[in-house]
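Asker: For reference, this is data02.txt, and it has compact mmCIF, C-alpha atoms.
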# COMPACT_ATOMS: atom_id res chain seq x y z
CA MET A 661 121.29 117.50 110.67
CA PRO A 662 122.07 113.87 109.86
CA THR A 663 121.46 111.78 112.95
CA LEU A 664 122.11 108.15 113.83
CA VAL A 665 120.21 106.57 116.71
CA VAL A 666 121.28 103.09 117.84
CA SER A 667 119.74 100.83 120.48
CA THR A 668 119.07 97.21 121.41
CA ARG A 669 115.83 95.60 122.54
CA ASP A 670 117.56 94.04 125.54
CA ASP A 671 119.08 97.29 126.81
CA GLY A 672 118.58 97.19 130.57
CA PHE A 673 117.78 100.91 130.56
CA GLY A 674 114.87 100.34 128.18
CA THR A 675 116.08 102.73 125.49
CA TYR A 676 114.78 100.91 122.41
CA ALA A 677 111.31 102.46 122.15
CA ALA A 678 112.62 105.92 123.02
CA ALA A 679 115.37 105.57 120.42
CA GLN A 680 112.83 104.58 117.76
CA TYR A 681 110.62 107.50 118.72
CA THR A 682 113.51 109.96 118.72
CA ALA A 683 114.67 108.87 115.28
CA SER A 684 111.13 109.15 113.94
CA ARG A 685 110.90 112.77 115.14
CA ILE A 686 114.20 113.96 113.62
CA ALA A 687 114.06 114.66 109.90
CA GLY A 688 116.57 112.49 108.06
CA ALA A 689 117.51 110.43 111.12
CA LYS A 690 118.38 106.78 110.78
CA PHE A 691 117.43 104.26 113.46
CA VAL A 692 119.48 101.10 113.82
CA GLY A 693 118.07 98.53 116.22
CA TYR A 694 119.49 95.22 117.33
CA GLU A 695 117.74 92.43 119.22
CA ASP A 696 120.62 91.90 121.62
CA GLY A 697 123.83 93.49 122.80
CA GLY A 698 122.64 95.36 125.85
CA HIS A 699 123.46 98.95 126.64
CA LEU A 700 127.05 98.56 125.40
CA LEU A 701 125.97 97.05 122.04
CA VAL A 702 128.06 93.94 122.74
CA GLY A 703 128.61 91.86 119.62
CA HIS A 704 128.02 94.76 117.27
CA ASP A 705 131.54 96.13 117.38
CA ALA A 706 131.83 96.00 113.59
CA GLU A 707 128.32 97.10 112.58
CA VAL A 708 128.01 100.20 114.76
CA PRO A 709 131.31 101.83 113.68
CA ALA A 710 130.40 101.03 110.07
CA GLU A 711 127.09 102.89 110.52
CA VAL A 712 128.92 105.84 112.09
CA LEU A 713 131.45 105.90 109.25
CA THR A 714 128.65 105.84 106.68
CA LEU A 715 127.01 108.80 108.43
CA LEU A 716 130.27 110.74 108.58
CA LYS A 717 130.97 110.13 104.90
CA ARG A 718 127.48 111.37 104.05
CA VAL A 719 127.96 114.51 106.16
CA SER A 720 131.41 115.33 104.81
CA LYS A 721 130.40 115.30 101.13
CA PRO A 722 130.49 118.79 99.61
Turn this file's structure into structure tokens for me.

Answerer:
Amino acid sequence: MPTLVVSTRDDGFGTYAAAQYTASRIAGAKFVGYEDGGHLLVGHDAEVPAEVLTLLKRVSKP
């Protein structure tokens, strides 16, 4: 199953390493990591939806 995992290094919940690990353990997963943006991915309001759209287009192809 195509999977997108997104995180930031400065996430106050410390999700970055776990997100990298999770993506590495799921066949075909893509990890997208940002240096900043916190848990809400602030400042990446164009990039993240673009990544999601790319994933959805890939999944919806016959």

Asker: Find the spatial neighbours of range 664-671 of chain A, counting all atoms listed in the file, within a cut-off of 6 Å - ignore same-chain residues fewer than 6 positions away - and output them as a PyMOL selection string.

Answerer: chain A and resi 689-696+698-699

Asker: How many Å lie between CA of Phe673 in chain A and CA of Asp705 in chain A, rounded to one decimal?

Answerer: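 CA of Asp705 in chain A lies 19.6 Å from CA of Phe673 in chain A.
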
Asker: Give, as JSON, the centre coordinates and the x, y and z edge lengths in Å to one decimal for an axis-aligned box around all listed atoms of range 669-677 of chain A, padded by 8 Å on each side.

Answerer:
{"center_x": 115.2, "center_y": 98.4, "center_z": 126.4, "size_x": 23.8, "size_y": 24.7, "size_z": 24.4}

Asker: For a test of reading the model, state the distance in Å between CA of Gln680 in chain A and CA of Thr663 in chain A, rounded to one decimal.

Answerer: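 These two atoms are separated by 12.2 Å.
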
Asker: Mind pulling up the distance from CA of Arg718 in chain A to CA of Met661 in chain A?

Answerer: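 Between CA of Met661 in chain A and CA of Arg718 in chain A the gap works out to 10.9 Å.
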
Asker: Given the choices A:Gly697, A:Gly688, A:Pro662, A:Gly703, which gets closest to Ser720 in chain A if the distance is worked out from only C-alpha atoms?

Answerer: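 Among the listed residues, A:Pro662 lies closest to Ser720 in chain A.
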